[in-house]
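Worksheet for the structure shown next.
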Amino acid sequence: MAYNHNHEASQGSQNHAHKADIFCRDETRVDWHSKALWMLREKRDRAAGSIPEWEQLRQLGSEIKLHTLTHLAQYLETFEQNCIANSIQVHWAKDGAEHNRIVHEILARHKVKKLVKSKSMLTEECHLNPYLEQRGIEVIDTDLGERIIQLAKMPPSHIVVPAIHMKKEEVGELFHELLGTKAGESDPLYLTRAARAHLREKFLTADAAMTGVNMAIADKGAVVVCTNEGNADMGANLPKLQLHSMGIDKVVPDVDSAAVLLRTLARNATGQPVTTYSAFYRGPQPEGEMHIIIVDNGRTEMLKDKILAESLKCIRCGGCLNTCPVYRRSGGYSYNYTIPGPIGIAVGAKIDDTNSIAWACTLCGSCTYICPTKVPLDKIIFHHRRLKAEAGKLPYGKNSYMPLVGKFMASETMLNCSMSVARTALRILPGSLLKPFSGAWGKYRELPVAPNSSFEAWFKKHRSL
Amino acid sequence: MSSKLEILNALKLSALTNHPMPSIDVAPRGDNLIGQFETNLNTVAGTLHKEGGLIALQAKVDELIAQGLQVISLVDGVTANREVPPTAHELKDIDYAVIPGDIGVAENGAIWVNNKNLGHRVTPFICENLILALPANKIVPNMHQAAKEITLDVGEFGVFIAGPSKTADIEQALVVGAHGACSLNVYLL
């Protein structure tokens, strides 16, 4: 299929530049991808601009999350107590493995054969689907984008629009093959209706439903789940067994806090004033059973570092992906982590064994500028580079040559001599001979025209006038 | 040690210094609430019916039934042709569900619905089309006010609904009617 090169990029762990190269083989697709995401950024700007108090909401969002993170133990315990009072069963998992085990135990106890799931980046992070499938449970992702990539056997390439890398013709081809839609048909309305019919049957026959959590309200013991498609609520309200997985960072003090975040979440994600459905579950349905699994999986570790800790303020709107010049042109599969883009680097760089994603960033700061909870993403990414250097894990041989570059730049004589040689070389040698020395930088750029003298010489001359 | 205890203990090692809870004090836009609500409801692909109230709503329901459609009403004073069935799954062939909305939100067109008025929780999602009946004096400026007015008692379920279900997962093309209702009409009472 045409998206095979995307497929290739989604597999295995290789450095960011290598995977971005795979994505960039098809230049028109890169342009299209970049434009589609920029469209989301523009919609976001219009939505944010229509609210005079936008900056106040960002500040409030940041402070509410910071307050909760600095009183997390207290809020988590309050949340658990209130859940229990609402007949909700609460479980704690310190990592992904424990989370998956707990989920499977609950499902196995109820002899669940078919599970409908709505979007949850946490369960992606824990690799829950393959774990359950290996144990004989059919897992159906019900968000349209997620269903598309599940059928295509690919991971999400974006946290809000997971199939953003696929063209409608490819979806049409996939649906024709697997859902029996008409060959050559690629109209989004037709394909969406086909998926609706296909998934309706799944909703009606599912034994259990699982969702992620957008906010967990401590003083009520309730979870808030936001979708546009209604898939989370179709799922959770049909079978009698519902499960919700949440990171420890999802808790907020009260409904007032949730209201602040609900005002910015969808506006920053897609430019909508609010998601179509913002559902508050404060207990199971009659004769039903409701479970919440609270997961750490590295979050308490992140809290031990003052700078990294702030990445836990994130509400997963995906706005930073849409605005990122690197993400838009390198695709979601180039990050060697489940979550791509700036927030993916912030929470994934530490376990990135290619030690390269912290450099998939120009430090332009656009992500930080638009973040609805003011996560200082560029600062966090820069910090990751320092941590990698301190751990002796600089990529691309930076470890060996960077100290030399440092010494070189520090010596005035060496620097002046070599710059003079470079200027002469640029003037007299042919570009074809010099270009290879510029490496990846020169791939899409021409070498500069050499000035006649160094800036230092120019400055000395003009200051003396 | 239980995982809960391990997590709570690990939290004691947090490097963050205590941050106070900010006071949430956002000035509401109180002018022309119904106008604002209608504009935003249109943005999220819903339609507002301002005139006629319950009578117009009953006339609409009668018209739908005359077309041979399956309609369920949970609004007092509006009668339809289907009752709340014993199980949620039996709602799968409902063409129109008529449900009371508690609070409307002017800034985004969302309407709060509480499970007391749903029969089954899945009613507003499983129906092919949704009609919400909202008292005109229950529209508040923004989500901060809505947060103060919604009811969500112990064990309950409630949801803000803003328009019909929708998706843009295929090439960013907006398609109305994903998994939930394919249309939303709101009648002001």
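By order in the structure tokens, chains are A, B, ...; within a chain, residues start at 1; ligands start at 1, following the order shown.
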
| task | Could you please select, counting only C-alpha atoms, the residues of chain B within 6 Å of chain A and state them as an NGL selection string? | result | :B and (3-4 or 8 or 10-11 or 13-16 or 18-21 or 108 or 121-122 or 125 or 143-144 or 147 or 154-163 or 165-167 or 169-170 or 175 or 178-180)

Export C-alpha atoms of the chosen residues as a PDB file, in the first residue's frame?
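Saved result, part18.pdb, follows:
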```
ATOM      1  CA  SER B   3       1.632   0.238  44.814  1.00  0.00           C
ATOM      2  CA  LYS B   4      -0.537   2.975  46.263  1.00  0.00           C
ATOM      3  CA  LEU B   8       2.422   8.235  47.645  1.00  0.00           C
ATOM      4  CA  ALA B  10       7.547   8.666  45.780  1.00  0.00           C
ATOM      5  CA  LEU B  11       5.464  11.845  45.691  1.00  0.00           C
ATOM      6  CA  LEU B  13      10.406  13.363  46.785  1.00  0.00           C
ATOM      7  CA  SER B  14       8.849  15.903  44.416  1.00  0.00           C
ATOM      8  CA  ALA B  15      11.139  18.819  43.597  1.00  0.00           C
ATOM      9  CA  LEU B  16       8.285  21.278  43.158  1.00  0.00           C
ATOM     10  CA  ASN B  18       4.041  24.348  47.042  1.00  0.00           C
ATOM     11  CA  HIS B  19       1.925  26.471  44.796  1.00  0.00           C
ATOM     12  CA  PRO B  20      -1.312  28.048  46.109  1.00  0.00           C
ATOM     13  CA  MET B  21      -4.654  27.418  44.395  1.00  0.00           C
ATOM     14  CA  ASN B 108     -19.799  27.369  23.524  1.00  0.00           C
ATOM     15  CA  ARG B 121     -27.475   6.881  30.256  1.00  0.00           C
ATOM     16  CA  VAL B 122     -26.838   5.970  26.628  1.00  0.00           C
ATOM     17  CA  PHE B 125     -25.694   8.998  22.306  1.00  0.00           C
ATOM     18  CA  MET B 143     -18.354  27.361  31.860  1.00  0.00           C
ATOM     19  CA  HIS B 144     -17.434  28.942  35.198  1.00  0.00           C
ATOM     20  CA  ALA B 147     -19.809  24.605  36.867  1.00  0.00           C
ATOM     21  CA  VAL B 154     -23.430  10.943  44.346  1.00  0.00           C
ATOM     22  CA  GLY B 155     -23.254   8.125  41.801  1.00  0.00           C
ATOM     23  CA  GLU B 156     -24.632  10.186  38.936  1.00  0.00           C
ATOM     24  CA  PHE B 157     -23.685  10.724  35.316  1.00  0.00           C
ATOM     25  CA  GLY B 158     -23.958  14.004  33.457  1.00  0.00           C
ATOM     26  CA  VAL B 159     -22.687  15.402  30.195  1.00  0.00           C
ATOM     27  CA  PHE B 160     -22.218  18.700  28.385  1.00  0.00           C
ATOM     28  CA  ILE B 161     -23.457  18.175  24.835  1.00  0.00           C
ATOM     29  CA  ALA B 162     -22.345  20.701  22.204  1.00  0.00           C
ATOM     30  CA  GLY B 163     -23.926  19.839  18.877  1.00  0.00           C
ATOM     31  CA  SER B 165     -21.393  14.019  17.127  1.00  0.00           C
ATOM     32  CA  LYS B 166     -18.680  14.801  14.631  1.00  0.00           C
ATOM     33  CA  THR B 167     -15.242  13.836  13.413  1.00  0.00           C
ATOM     34  CA  ASP B 169     -10.271  12.152  11.374  1.00  0.00           C
ATOM     35  CA  ILE B 170     -10.153  11.597   7.619  1.00  0.00           C
ATOM     36  CA  VAL B 175     -18.240  14.978   9.015  1.00  0.00           C
ATOM     37  CA  ALA B 178     -19.783   9.950  13.960  1.00  0.00           C
ATOM     38  CA  HIS B 179     -20.919   7.553  16.725  1.00  0.00           C
ATOM     39  CA  GLY B 180     -23.443   9.681  18.584  1.00  0.00           C
TER      40      GLY B 180
END
```

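Near Ile139 of chain B, within a cut-off of 7 Å and counting only C-alpha atoms, sit the residues Leu33, Ile103, Gly104, Val105 and Ala106 of chain B, with same-chain residues fewer than 6 positions away left out.
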
| Backbone-only DSSP, strand (DSSP E or B) members of segment 45-178 of chain A, as number ranges by chain | A: 88-93, 114-117, 138-141

| task | Would you mind reading off the distance between atom CA of Ala440 of chain A and atom CA of Ala20 of chain A, one decimal, in Å? | result |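 Computed distance, atom CA of Ala440 of chain A to atom CA of Ala20 of chain A, equals 12.5 Å.
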
| query | When DSSP works through the backbone of this structure, what residues of segment 146-260 of chain A end up as helix (DSSP H, G or I), shown as a VMD selection string? | reply | chain A and resid 146 to 151 168 to 179 188 to 205 231 to 236 248 to 250 255 to 260

| request: Mind giving me the straight-line distance from atom CA of Ala218 of chain A to atom CA of Ala108 of chain A in Å, one decimal? | output: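 So the two atoms, atom CA of Ala218 of chain A and atom CA of Ala108 of chain A, lie 29.1 Å apart.
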
Counting only C-alpha atoms, what is within 6 Å of Ser73 of chain B, bar same-chain residues fewer than 6 positions away, as a PDB file with N, CA and C atoms, in the first residue's frame?
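Saved result, around-v5.pdb, follows:
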```
ATOM      1  N   ALA B  80     -44.559  10.816  22.870  1.00  0.00           N
ATOM      2  CA  ALA B  80     -44.022  10.225  21.644  1.00  0.00           C
ATOM      3  C   ALA B  80     -44.526   8.794  21.518  1.00  0.00           C
ATOM      4  N   ALA B  97     -34.575  11.147  19.981  1.00  0.00           N
ATOM      5  CA  ALA B  97     -34.778  11.183  21.429  1.00  0.00           C
ATOM      6  C   ALA B  97     -34.984  12.635  21.831  1.00  0.00           C
ATOM      7  N   VAL B  98     -36.011  12.870  22.656  1.00  0.00           N
ATOM      8  CA  VAL B  98     -36.307  14.224  23.133  1.00  0.00           C
ATOM      9  C   VAL B  98     -35.999  14.260  24.624  1.00  0.00           C
TER      10      VAL B  98
END
```

| Using only C-alpha atoms, which residues sit within 12 Å of Leu74 of chain B once same-chain residues fewer than 2 positions away are excluded, as a PyMOL selection string? | chain B and resi 71-72+76-84+96-101+113-120+123-124+130-133

| note | Expressed in Å, the length from atom CA of Lys250 of chain A to atom CA of Ile357 of chain A is 25.1 Å

| said: Restricting the calculation to only C-alpha atoms: of B:Glu51, B:Asp25, B:Glu128, B:Glu107, which residue gets closest to Leu69 of chain B? | reply: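 Closest residue, counting only C-alpha atoms: B:Glu128.
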
| said: Could you list, as a count of residues only, every residue within 9 Å of segment 123-138 of chain A, counting only C-alpha atoms and ignoring same-chain residues fewer than 5 positions away? | reply: 24

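Using only C-alpha atoms, the shortest contact distance between Cys127 of chain B and any of B:Ala146, B:Glu90, B:Asp102, B:Val140 is found at B:Glu90.
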